[in-house]
Structures are given as C-alpha cells and as structure tokens.
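Source file: my_file_2.cif; contents: mmCIF, C-alpha atoms, pLDDT in the B column; chains and numbers go by the auth columns.
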data_run
loop_
_atom_site.group_PDB
_atom_site.id
_atom_site.type_symbol
_atom_site.label_atom_id
_atom_site.label_comp_id
_atom_site.label_asym_id
_atom_site.label_seq_id
_atom_site.Cartn_x
_atom_site.Cartn_y
_atom_site.Cartn_z
_atom_site.B_iso_or_equiv
_atom_site.auth_seq_id
_atom_site.auth_asym_id
ATOM 1 C CA PHE A 1 51.404 54.017 132.481 61.00 118 A
ATOM 2 C CA TYR A 2 48.209 51.980 132.045 62.00 119 A
ATOM 3 C CA GLN A 3 47.463 52.265 135.761 66.00 120 A
ATOM 4 C CA PHE A 4 47.767 56.055 135.515 63.00 121 A
ATOM 5 C CA PHE A 5 44.386 56.203 133.728 64.00 122 A
ATOM 6 C CA PHE A 6 42.775 54.661 136.828 67.00 123 A
ATOM 7 C CA SER A 7 44.851 56.470 139.451 67.00 124 A
ATOM 8 C CA ARG A 8 42.194 58.817 140.824 74.00 125 A
ATOM 9 C CA VAL A 9 41.653 58.359 144.562 84.00 126 A
ATOM 10 C CA LYS A 10 39.031 59.497 147.036 87.00 127 A
ATOM 11 C CA PHE A 11 39.491 60.920 150.510 90.00 128 A
ATOM 12 C CA LYS A 12 37.291 60.125 153.489 92.00 129 A
ATOM 13 C CA LYS A 13 38.070 62.361 156.449 91.00 130 A
ATOM 14 C CA TYR A 14 36.624 61.802 159.895 92.00 131 A
ATOM 15 C CA PHE A 15 37.816 65.062 161.476 87.00 132 A
ATOM 16 C CA GLU A 16 36.801 68.706 161.325 80.00 133 A
ATOM 17 C CA THR A 17 38.715 70.730 158.730 75.00 134 A
ATOM 18 C CA ASN A 18 39.672 73.493 161.150 75.00 135 A
ATOM 19 C CA HIS A 19 41.196 71.066 163.674 83.00 136 A
ATOM 20 C CA SER A 20 44.967 71.476 163.951 87.00 137 A
ATOM 21 C CA PHE A 21 46.892 68.341 164.997 93.00 138 A
ATOM 22 C CA LYS A 22 50.352 68.306 166.584 95.00 139 A
ATOM 23 C CA ASN A 23 51.349 64.980 164.970 96.00 140 A
ATOM 24 C CA ILE A 24 50.601 63.038 161.798 96.00 141 A
ATOM 25 C CA TYR A 25 51.038 59.260 161.425 97.00 142 A
ATOM 26 C CA PHE A 26 51.300 57.988 157.817 97.00 143 A
ATOM 27 C CA SER A 27 50.780 54.317 157.021 96.00 144 A
ATOM 28 C CA TRP A 28 48.770 51.739 155.023 95.00 145 A
ATOM 29 C CA GLY A 29 45.621 50.065 156.282 95.00 146 A
ATOM 30 C CA PHE A 30 43.162 47.229 155.651 94.00 147 A
ATOM 31 C CA HIS A 31 39.640 46.583 156.896 95.00 148 A
ATOM 32 C CA LYS A 32 40.911 43.957 159.348 95.00 149 A
ATOM 33 C CA ASN A 33 43.153 46.534 161.049 96.00 150 A
ATOM 34 C CA PHE A 34 40.085 48.305 162.527 96.00 151 A
ATOM 35 C CA ASP A 35 38.265 46.936 165.572 95.00 152 A
ATOM 36 C CA LYS A 36 34.528 47.280 166.258 93.00 153 A
ATOM 37 C CA ASN A 37 35.100 50.612 168.036 94.00 154 A
ATOM 38 C CA GLY A 38 36.923 52.135 165.069 94.00 155 A
ATOM 39 C CA ASN A 39 40.424 51.886 166.524 95.00 156 A
ATOM 40 C CA PHE A 40 43.231 51.285 164.038 96.00 157 A
ATOM 41 C CA LYS A 41 46.075 48.893 164.936 95.00 158 A
ATOM 42 C CA ASP A 42 48.995 49.351 162.567 95.00 159 A
ATOM 43 C CA ARG A 43 50.399 46.029 161.322 93.00 160 A
ATOM 44 C CA TYR A 44 53.863 47.576 160.891 93.00 161 A
ATOM 45 C CA THR A 45 54.300 48.788 164.476 93.00 162 A
ATOM 46 C CA ASN A 46 51.751 46.558 166.275 91.00 163 A
ATOM 47 C CA LYS A 47 50.328 49.615 168.040 93.00 164 A
ATOM 48 C CA ASN A 48 46.819 50.997 168.433 94.00 165 A
ATOM 49 C CA VAL A 49 47.717 54.368 166.940 94.00 166 A
ATOM 50 C CA SER A 50 44.153 55.727 167.165 92.00 167 A
ATOM 51 C CA LYS A 51 44.831 56.372 170.854 90.00 168 A
ATOM 52 C CA PHE A 52 47.887 58.543 170.196 93.00 169 A
ATOM 53 C CA LYS A 53 47.215 61.985 171.642 91.00 170 A
ATOM 54 C CA ASP A 54 46.515 64.859 169.225 93.00 171 A
ATOM 55 C CA THR A 55 47.595 62.734 166.240 95.00 172 A
ATOM 56 C CA LEU A 56 46.044 62.523 162.771 95.00 173 A
ATOM 57 C CA ILE A 57 46.108 58.989 161.340 96.00 174 A
ATOM 58 C CA PHE A 58 46.610 59.279 157.553 96.00 175 A
ATOM 59 C CA LEU A 59 46.115 55.937 155.805 96.00 176 A
ATOM 60 C CA ILE A 60 46.436 54.636 152.269 94.00 177 A
ATOM 61 C CA TYR A 61 43.478 52.273 152.553 94.00 178 A
ATOM 62 C CA LEU A 62 43.851 49.104 150.467 90.00 179 A
ATOM 63 C CA ASP A 63 40.459 47.384 150.756 89.00 180 A
ATOM 64 C CA ALA A 64 37.294 48.038 148.741 83.00 181 A
ATOM 65 C CA GLN A 65 34.966 48.063 151.745 88.00 182 A
ATOM 66 C CA LEU A 66 35.332 50.986 154.170 92.00 183 A
ATOM 67 C CA PRO A 67 35.188 50.277 157.915 93.00 184 A
ATOM 68 C CA LYS A 68 31.768 50.826 159.502 92.00 185 A
ATOM 69 C CA LYS A 69 33.266 52.802 162.355 94.00 186 A
ATOM 70 C CA VAL A 70 36.407 54.948 162.357 94.00 187 A
ATOM 71 C CA LYS A 71 37.833 57.242 165.027 93.00 188 A
ATOM 72 C CA SER A 72 37.535 60.982 164.452 91.00 189 A
ATOM 73 C CA ASN A 73 41.296 61.531 164.035 93.00 190 A
ATOM 74 C CA THR A 74 41.564 59.577 160.780 95.00 191 A
ATOM 75 C CA VAL A 75 41.622 60.144 157.023 95.00 192 A
ATOM 76 C CA LEU A 76 41.393 57.302 154.490 96.00 193 A
ATOM 77 C CA VAL A 77 42.756 57.497 150.944 93.00 194 A
ATOM 78 C CA TYR A 78 41.036 54.832 148.868 90.00 195 A
ATOM 79 C CA LYS A 79 39.916 53.759 145.392 81.00 196 A
ATOM 80 C CA LYS A 80 36.649 52.526 143.986 71.00 197 A
ATOM 81 C CA HIS A 81 36.531 49.420 141.804 61.00 198 A
ATOM 82 C CA PHE A 82 39.447 49.594 139.324 54.00 199 A
ATOM 83 C CA TYR A 83 37.445 50.331 136.152 56.00 200 A
ATOM 84 C CA LYS A 84 34.901 52.536 137.912 59.00 201 A
ATOM 85 C CA ASN A 85 37.817 54.669 138.996 60.00 202 A
ATOM 86 C CA PHE A 86 38.424 56.125 135.514 62.00 203 A
ATOM 87 C CA ASN A 87 37.433 59.786 135.194 63.00 204 A
ATOM 88 C CA PHE A 88 38.060 61.472 131.857 63.00 205 A
ATOM 89 C CA LEU A 89 37.874 65.024 133.256 63.00 206 A
ATOM 90 C CA PHE A 90 40.431 64.187 135.945 64.00 207 A
ATOM 91 C CA PHE A 91 42.700 62.660 133.297 67.00 208 A
ATOM 92 C CA ILE A 92 42.564 65.751 131.021 64.00 209 A
ATOM 93 C CA LYS A 93 43.079 68.211 133.884 69.00 210 A
ATOM 94 C CA TYR A 94 46.084 66.272 135.142 63.00 211 A
ATOM 95 C CA ILE A 95 47.721 66.206 131.694 68.00 212 A
ATOM 96 C CA PHE A 96 47.294 69.942 131.104 64.00 213 A
ATOM 97 C CA LYS A 97 48.512 70.716 134.617 69.00 214 A
ATOM 98 C CA ASN A 98 51.794 68.894 133.951 64.00 215 A
ATOM 99 C CA LEU A 99 52.459 69.715 130.277 62.00 216 A
ATOM 100 C CA HIS A 100 55.340 72.020 131.094 67.00 217 A
ATOM 101 C CA SER A 101 56.795 70.241 134.133 69.00 218 A
ATOM 102 C CA ASN A 102 58.482 66.808 133.999 68.00 219 A
ATOM 103 C CA PHE A 103 55.658 65.539 131.800 60.00 220 A
ATOM 104 C CA PHE A 104 56.810 61.933 131.266 62.00 221 A
ATOM 105 C CA LYS A 105 57.847 61.574 134.896 66.00 222 A
ATOM 106 C CA LYS A 106 54.365 62.697 135.944 64.00 223 A
ATOM 107 C CA MET A 107 52.585 60.184 133.696 64.00 224 A
ATOM 108 C CA SER A 108 52.556 57.395 136.265 68.00 225 A
ATOM 109 C CA SER A 109 50.159 56.220 138.946 71.00 226 A
ATOM 110 C CA PHE A 110 52.751 56.944 141.658 75.00 227 A
ATOM 111 C CA SER A 111 53.114 60.595 140.632 77.00 228 A
ATOM 112 C CA SER A 112 49.351 60.976 140.262 79.00 229 A
ATOM 113 C CA LEU A 113 48.771 59.597 143.763 82.00 230 A
ATOM 114 C CA SER A 114 51.468 61.887 145.139 83.00 231 A
ATOM 115 C CA ASP A 115 49.928 65.014 143.603 85.00 232 A
ATOM 116 C CA GLN A 116 46.433 64.160 144.833 89.00 233 A
ATOM 117 C CA ILE A 117 47.603 63.518 148.398 92.00 234 A
ATOM 118 C CA LEU A 118 49.677 66.682 148.501 92.00 235 A
ATOM 119 C CA ASP A 119 46.760 68.766 147.184 90.00 236 A
ATOM 120 C CA PHE A 120 44.504 67.301 149.880 92.00 237 A
ATOM 121 C CA ILE A 121 47.013 68.053 152.649 93.00 238 A
ATOM 122 C CA LYS A 122 47.410 71.660 151.481 92.00 239 A
ATOM 123 C CA LYS A 123 43.654 72.252 151.297 91.00 240 A
ATOM 124 C CA ASP A 124 42.206 70.163 154.128 91.00 241 A
ATOM 125 C CA ILE A 125 44.844 69.738 156.841 92.00 242 A
ATOM 126 C CA SER A 126 45.947 72.602 159.051 90.00 243 A
ATOM 127 C CA ILE A 127 49.671 72.308 159.805 92.00 244 A
ATOM 128 C CA ARG A 128 50.074 75.483 161.889 89.00 245 A
ATOM 129 C CA ASN A 129 50.616 73.503 165.141 92.00 246 A
ATOM 130 C CA LEU A 130 52.310 70.474 163.598 94.00 247 A
ATOM 131 C CA LYS A 131 55.428 69.310 165.469 95.00 248 A
ATOM 132 C CA LYS A 132 56.141 65.712 164.512 96.00 249 A
ATOM 133 C CA VAL A 133 55.474 63.349 161.606 97.00 250 A
ATOM 134 C CA PHE A 134 55.888 59.568 161.677 97.00 251 A
ATOM 135 C CA ILE A 135 55.985 57.661 158.372 97.00 252 A
ATOM 136 C CA ILE A 136 56.095 53.938 157.650 96.00 253 A
ATOM 137 C CA TYR A 137 58.802 54.746 155.136 95.00 254 A
ATOM 138 C CA GLU A 138 59.334 53.212 151.696 93.00 255 A
ATOM 139 C CA GLY A 139 60.662 56.249 149.849 92.00 256 A
ATOM 140 C CA GLN A 140 57.550 56.434 147.667 91.00 257 A
ATOM 141 C CA PRO A 141 56.966 59.673 145.694 89.00 258 A
ATOM 142 C CA TYR A 142 54.032 60.787 147.841 91.00 259 A
ATOM 143 C CA GLN A 143 56.120 60.338 151.005 95.00 260 A
ATOM 144 C CA LYS A 144 59.050 62.316 149.629 94.00 261 A
ATOM 145 C CA ASN A 145 56.803 65.131 148.390 92.00 262 A
ATOM 146 C CA ILE A 146 55.005 65.350 151.739 94.00 263 A
ATOM 147 C CA ILE A 147 58.336 65.568 153.578 96.00 264 A
ATOM 148 C CA LEU A 148 59.622 68.231 151.179 94.00 265 A
ATOM 149 C CA TYR A 149 56.438 70.310 151.530 94.00 266 A
ATOM 150 C CA LEU A 150 56.443 70.117 155.329 94.00 267 A
ATOM 151 C CA LYS A 151 60.134 70.954 155.635 93.00 268 A
ATOM 152 C CA LYS A 152 59.669 74.013 153.423 93.00 269 A
ATOM 153 C CA SER A 153 56.588 75.101 155.366 93.00 270 A
ATOM 154 C CA LEU A 154 57.770 74.361 158.904 92.00 271 A
ATOM 155 C CA ARG A 155 61.444 74.688 159.781 87.00 272 A
ATOM 156 C CA SER A 156 61.034 73.055 163.189 90.00 273 A
ATOM 157 C CA ILE A 157 59.169 69.965 161.930 94.00 274 A
ATOM 158 C CA ASN A 158 60.604 66.605 163.022 96.00 275 A
ATOM 159 C CA VAL A 159 60.056 63.783 160.502 97.00 276 A
ATOM 160 C CA ILE A 160 60.687 60.212 161.670 97.00 277 A
ATOM 161 C CA GLY A 161 60.608 57.269 159.276 97.00 278 A
ATOM 162 C CA TYR A 162 60.427 53.559 160.057 96.00 279 A
ATOM 163 C CA ASP A 163 61.840 51.036 157.581 92.00 280 A
ATOM 164 C CA HIS A 164 59.802 47.901 158.254 84.00 281 A
ATOM 165 C CA SER A 165 61.444 45.483 155.784 82.00 282 A
ATOM 166 C CA ALA A 166 64.592 44.581 153.891 78.00 283 A
ATOM 167 C CA PRO A 167 65.433 46.826 150.902 78.00 284 A
ATOM 168 C CA PRO A 168 64.316 45.870 147.381 81.00 285 A
ATOM 169 C CA ALA A 169 66.798 44.714 144.733 86.00 286 A
ATOM 170 C CA LEU A 170 67.425 48.234 143.408 89.00 287 A
ATOM 171 C CA PRO A 171 66.646 50.554 146.356 90.00 288 A
ATOM 172 C CA LEU A 172 67.221 53.923 144.650 90.00 289 A
ATOM 173 C CA ASN A 173 63.978 55.195 146.223 90.00 290 A
ATOM 174 C CA LEU A 174 65.662 54.912 149.643 94.00 291 A
ATOM 175 C CA PHE A 175 68.685 57.048 148.712 94.00 292 A
ATOM 176 C CA TYR A 176 69.281 59.893 151.189 96.00 293 A
ATOM 177 C CA ASP A 177 68.312 63.303 149.816 92.00 294 A
ATOM 178 C CA GLY A 178 66.481 66.500 150.754 87.00 295 A
ATOM 179 C CA CYS A 179 63.186 64.592 150.853 93.00 296 A
ATOM 180 C CA SER A 180 64.321 62.011 153.425 95.00 297 A
ATOM 181 C CA PRO A 181 63.187 61.766 157.068 96.00 298 A
ATOM 182 C CA ASP A 182 65.236 63.567 159.739 96.00 299 A
ATOM 183 C CA LYS A 183 65.661 60.212 161.480 97.00 300 A
ATOM 184 C CA LEU A 184 65.183 56.731 160.050 97.00 301 A
ATOM 185 C CA LEU A 185 64.448 53.860 162.437 96.00 302 A
ATOM 186 C CA ILE A 186 65.990 50.570 161.297 94.00 303 A
ATOM 187 C CA THR A 187 66.367 47.167 162.943 90.00 304 A
ATOM 188 C CA GLY A 188 69.902 45.852 162.476 88.00 305 A
ATOM 189 C CA LYS A 189 73.622 46.651 162.203 91.00 306 A
ATOM 190 C CA GLU A 190 73.881 45.216 158.685 91.00 307 A
ATOM 191 C CA GLN A 191 70.995 47.411 157.599 91.00 308 A
ATOM 192 C CA SER A 192 72.764 50.452 159.060 94.00 309 A
ATOM 193 C CA GLN A 193 75.995 49.604 157.220 94.00 310 A
ATOM 194 C CA PHE A 194 74.090 49.145 153.972 94.00 311 A
ATOM 195 C CA TYR A 195 72.342 52.506 154.284 95.00 312 A
ATOM 196 C CA LYS A 196 75.570 54.333 155.080 95.00 313 A
ATOM 197 C CA ARG A 197 77.724 52.632 152.439 95.00 314 A
ATOM 198 C CA TYR A 198 75.367 52.422 149.469 94.00 315 A
ATOM 199 C CA LEU A 199 72.525 54.877 150.071 95.00 316 A
ATOM 200 C CA ASN A 200 74.452 57.904 151.360 95.00 317 A
ATOM 201 C CA TRP A 201 72.752 58.089 154.780 96.00 318 A
ATOM 202 C CA PRO A 202 74.720 59.932 157.499 96.00 319 A
ATOM 203 C CA LYS A 203 75.225 57.903 160.663 95.00 320 A
ATOM 204 C CA SER A 204 73.456 60.584 162.716 96.00 321 A
ATOM 205 C CA LYS A 205 70.254 60.091 160.689 96.00 322 A
ATOM 206 C CA LEU A 206 69.972 56.357 161.444 97.00 323 A
ATOM 207 C CA LYS A 207 68.802 54.737 164.677 96.00 324 A
ATOM 208 C CA ILE A 208 68.834 50.983 165.318 94.00 325 A
ATOM 209 C CA ILE A 209 65.848 49.770 167.351 92.00 326 A
ATOM 210 C CA PRO A 210 64.200 46.397 168.109 86.00 327 A
ATOM 211 C CA SER A 211 61.686 45.564 165.414 83.00 328 A
ATOM 212 C CA PHE A 212 58.130 46.777 166.050 83.00 329 A
ATOM 213 C CA ARG A 213 56.804 44.278 163.554 74.00 330 A
ATOM 214 C CA PHE A 214 58.581 41.034 164.503 72.00 331 A
ATOM 215 C CA LYS A 215 59.253 39.733 167.987 69.00 332 A
ATOM 216 C CA ASN A 216 62.749 38.534 168.818 64.00 333 A
ATOM 217 C CA GLU A 217 62.322 34.790 169.206 64.00 334 A
ATOM 218 C CA LYS A 218 65.337 32.661 170.077 67.00 335 A
ATOM 219 C CA LYS A 219 64.600 29.751 167.785 65.00 336 A
ATOM 220 C CA SER A 220 66.624 27.941 165.127 63.00 337 A
#
Could you rewrite the structure in this file as structure tokens?
Amino acid sequence: FYQFFFSRVKFKKYFETNHSFKNIYFSWGFHKNFDKNGNFKDRYTNKNVSKFKDTLIFLIYLDAQLPKKVKSNTVLVYKKHFYKNFNFLFFIKYIFKNLHSNFFKKMSSFSSLSDQILDFIKKDISIRNLKKVFIIYEGQPYQKNIILYLKKSLRSINVIGYDHSAPPALPLNLFYDGCSPDKLLITGKEQSQFYKRYLNWPKSKLKIIPSFRFKNEKKS
C-alpha cells in the first residue's frame, strides 16, 4: 500500500503513434540489455528481439538511467527516483476513478501499474493489424489485463506466454483463467504436470520446449 503512493510511471516511446504493428513482445529490461546500436537482447530468451520483423518491443524498464540509443520499435515504461515519483494530483485522480470499483483491490502498486499501462496501450498503440503477442509471463495484473483487453478487442489474436522460472510458493497468479495466454511455453514434464494438476491448465494450452534462458549442460 505504501508503494502505491509512488506508483506513477512514465512512458518513453520511440515509434510513431500511427504505426500499426503485427506483433508485440512484452518483457522486462535493464540498461545492460541494450547494445551501442540500441538493440535489445532479452535476458529471458537470449534473443535480439529488436530485429524481429514488424514487432513492438514493450519493456518494463528497471534502471534509473535510460539507454542513449534505442531502436524505433520500442517503448519503455520506467520510474524516476522513488521519492520524486510521488504526484499528488495523480494520487487523487486514481482514488476517485476507483471509488466505486474494487476500491481496496485497486489500492496497490500492481493495480496502479496495470491501469497506467492499459491506458497507454488504448491511447497510443494501434492494434488494428495486431496478430500475435508474446509475453514473458508471470501472471502479473498488468499482463492479465492486457490479455483480457486484447482478447475482447481482437477475436483472432494469438497470445503466447513463456514461463522462465519455477513457480513461487503460492502461485495463485498463474492459475488458468480467462486472462491467461492461449499457449504457455514451459520447460519440463514436471512443470507441465504441476500446471495441469494444481493450476487448472488444459493440456492443449501447454507446450514443453528447451529452455531459452538456460543451456542444457550435461554436468553433475
């Protein structure tokens, strides 16, 4: 709840508003993930995703310093210094906006981030030609709300998620529901059994692949 007061984020877009992408790639990024030419290599898939054709790279950026050069198919969601991030007007507007809708649920930094990202997507990203979405998936509120919005707006949209790590101790955020990806990429049989048995995922929605993040090394 304390973090909610400092939950306002900023958006830095490097593309023209009227450009309509066919794909969107959602992930997290750090300054070190960008090379001198502005290419972004995702640590979770080990791929230079800036070179993906007709794809918008949408990043939750986790460093204070912005990269000097960024490719023109990228948007960064970032924060200023923690205490400089407080904005009283933003705080009041957000409270009044949510007085009559799940008020206590909305009073968290996760919900605030989700609402801000969704508002930005609705206003600044054209989805008329969008075909596919790839998400480094953790079941966070902003991810679920994006998936729900896109599925309601585009019936033919294909949403693919990639689970890059083992589940947390109480993985209720990964439970299968109407806000889940159409296909979830996972990296092991045990993980598949866990998802099906405890998190309600249909077998057809899961696909076991070799890990993007870790190489298969035959060592003890």
*Nearest to Phe147 (chain A), chosen from A:Asp280, A:Asp294, A:Glu307, A:Asp180, with all atoms listed in the file counted in the distances*: A:Asp180
_Given the PyMOL selection byres ((chain A and resi 232) around 10), the residues it picks as a PyMOL selection string_ = chain A and resi 211+223+226-231+233-238+258-259+262-263
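Proximity of A:Tyr161, A:Phe292, A:Tyr312, A:Phe138 to Asp241 (chain A), computed with only C-alpha atoms, is greatest for A:Phe138.
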_I'd like to know which of A:Ser328, A:Phe132, A:Pro184, A:Phe143 is closest to Gly278 (chain A), using all atoms listed in the file._
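Counting all atoms listed in the file, the residue closest to Gly278 (chain A) is A:Phe143.
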_Which residues are near Ala283 (chain A)? Cut-off 12 Å, all atoms listed in the file, ignore same chain within fewer than 6 positions. Put them as a PyMOL selection string._
chain A and resi 254-255+291+303-305+307-309+311-312+328
Dump C-alpha atoms for the selected residues as a PDB file, in the frame of the given file?
ATOM      1  CA  TYR A 254      58.802  54.746 155.136  1.00 95.00           C
ATOM      2  CA  GLU A 255      59.334  53.212 151.696  1.00 93.00           C
ATOM      3  CA  LEU A 291      65.662  54.912 149.643  1.00 94.00           C
ATOM      4  CA  ILE A 303      65.990  50.570 161.297  1.00 94.00           C
ATOM      5  CA  THR A 304      66.367  47.167 162.943  1.00 90.00           C
ATOM      6  CA  GLY A 305      69.902  45.852 162.476  1.00 88.00           C
ATOM      7  CA  GLU A 307      73.881  45.216 158.685  1.00 91.00           C
ATOM      8  CA  GLN A 308      70.995  47.411 157.599  1.00 91.00           C
ATOM      9  CA  SER A 309      72.764  50.452 159.060  1.00 94.00           C
ATOM     10  CA  PHE A 311      74.090  49.145 153.972  1.00 94.00           C
ATOM     11  CA  TYR A 312      72.342  52.506 154.284  1.00 95.00           C
ATOM     12  CA  SER A 328      61.686  45.564 165.414  1.00 83.00           C
TER      13      SER A 328
END
*Spatial neighbours of Leu265 (chain A), 10 Å, only C-alpha atoms, chain gap at least 5 places, as a list in words*: Tyr259, Gln260, Ser270, Gly295, Cys296, Ser297 and Pro298 of chain A
_Hits from the PyMOL selection byres ((chain A and resi 276) around 9), listed as a count of residues only_ = 17
*Smallest atom-to-atom distance to Arg245 (chain A): which of A:His136, A:Lys129, A:Lys153, A:Lys322, using only C-alpha atoms?*
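So, comparing all the options, the nearest one is A:His136.
Each of A:Ser137, A:Thr191, A:Gln182, A:Thr162 was compared to Lys149 (chain A) using all atoms listed in the file, and A:Gln182 turns out to be the nearest.
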_Within 7 Å of Leu176 (chain A) using all atoms listed in the file, minus same-chain residues under 4 positions, as a ChimeraX atom specification_ = /A:143-146,192-194
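With distances restricted to only C-alpha atoms, A:Val126 is the closest residue to Leu179 (chain A) from A:Leu323, A:Gly155, A:Val126, A:Asn163.
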_So the first atom is CA of Asn150 (chain A) and the second is CA of Gln257 (chain A); what is the distance between them in Å, to one decimal place?_
22.0 Å
*asked:* Around the point (46.5, 65.0, 167.1) (coordinates from the file), which residues reach within 9 Å if we count all atoms listed in the file? Answer as a ChimeraX atom specification.
replied: /A:136-141,169-174,190,247
Using the file's own x, y and z axes, so that the box edges lie along x, y and z, what centre and edge lengths in Å (one decimal) does a box around every listed atom of region 281-297 of chain A get when 4 Å is added on each side? Give it as AutoDock Vina command-line options.
--center_x 64.5 --center_y 55.5 --center_z 150.8 --size_x 17.5 --size_y 29.9 --size_z 22.8
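One finds CA of Asn290 (chain A) at 12.6 Å from CA of Trp318 (chain A).
CA of Asp152 (chain A) is found 10.7 Å from CA of Ser167 (chain A).
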Output: region 267-303 of chain A of the preceding structure, restricted to C-alpha atoms, written as a tab-separated table (two decimals), in the first residue's frame.
chain	number	residue	atom	x	y	z
A	267	LEU	CA	-6.77	-7.76	-26.47
A	268	LYS	CA	-8.96	-10.86	-26.48
A	269	LYS	CA	-12.08	-8.72	-26.17
A	270	SER	CA	-10.89	-6.37	-28.91
A	271	LEU	CA	-9.47	-8.92	-31.36
A	272	ARG	CA	-11.02	-12.37	-31.61
A	273	SER	CA	-8.23	-13.74	-33.79
A	274	ILE	CA	-5.36	-12.59	-31.54
A	275	ASN	CA	-2.83	-15.27	-30.57
A	276	VAL	CA	-1.24	-14.74	-27.14
A	277	ILE	CA	1.84	-16.82	-26.28
A	278	GLY	CA	3.38	-16.78	-22.81
A	279	TYR	CA	6.79	-18.04	-21.69
A	280	ASP	CA	7.30	-19.16	-18.09
A	281	HIS	CA	11.00	-18.57	-17.50
A	282	SER	CA	11.33	-19.87	-13.91
A	283	ALA	CA	9.98	-22.23	-11.29
A	284	PRO	CA	6.65	-21.21	-9.69
A	285	PRO	CA	6.60	-19.25	-6.41
A	286	ALA	CA	5.46	-20.83	-3.14
A	287	LEU	CA	1.82	-19.83	-3.62
A	288	PRO	CA	1.37	-19.49	-7.41
A	289	LEU	CA	-2.27	-18.35	-7.50
A	290	ASN	CA	-1.30	-15.68	-10.05
A	291	LEU	CA	-0.52	-18.48	-12.52
A	292	PHE	CA	-3.94	-20.15	-12.23
A	293	TYR	CA	-5.60	-20.70	-15.63
A	294	ASP	CA	-8.47	-18.31	-16.30
A	295	GLY	CA	-9.93	-16.05	-18.99
A	296	CYS	CA	-6.89	-13.77	-18.73
A	297	SER	CA	-4.31	-16.49	-19.46
A	298	PRO	CA	-2.25	-16.88	-22.66
A	299	ASP	CA	-3.61	-19.10	-25.45
A	300	LYS	CA	-0.40	-21.13	-25.22
A	301	LEU	CA	2.11	-21.26	-22.38
A	302	LEU	CA	5.67	-22.35	-23.15
A	303	ILE	CA	7.26	-24.30	-20.29
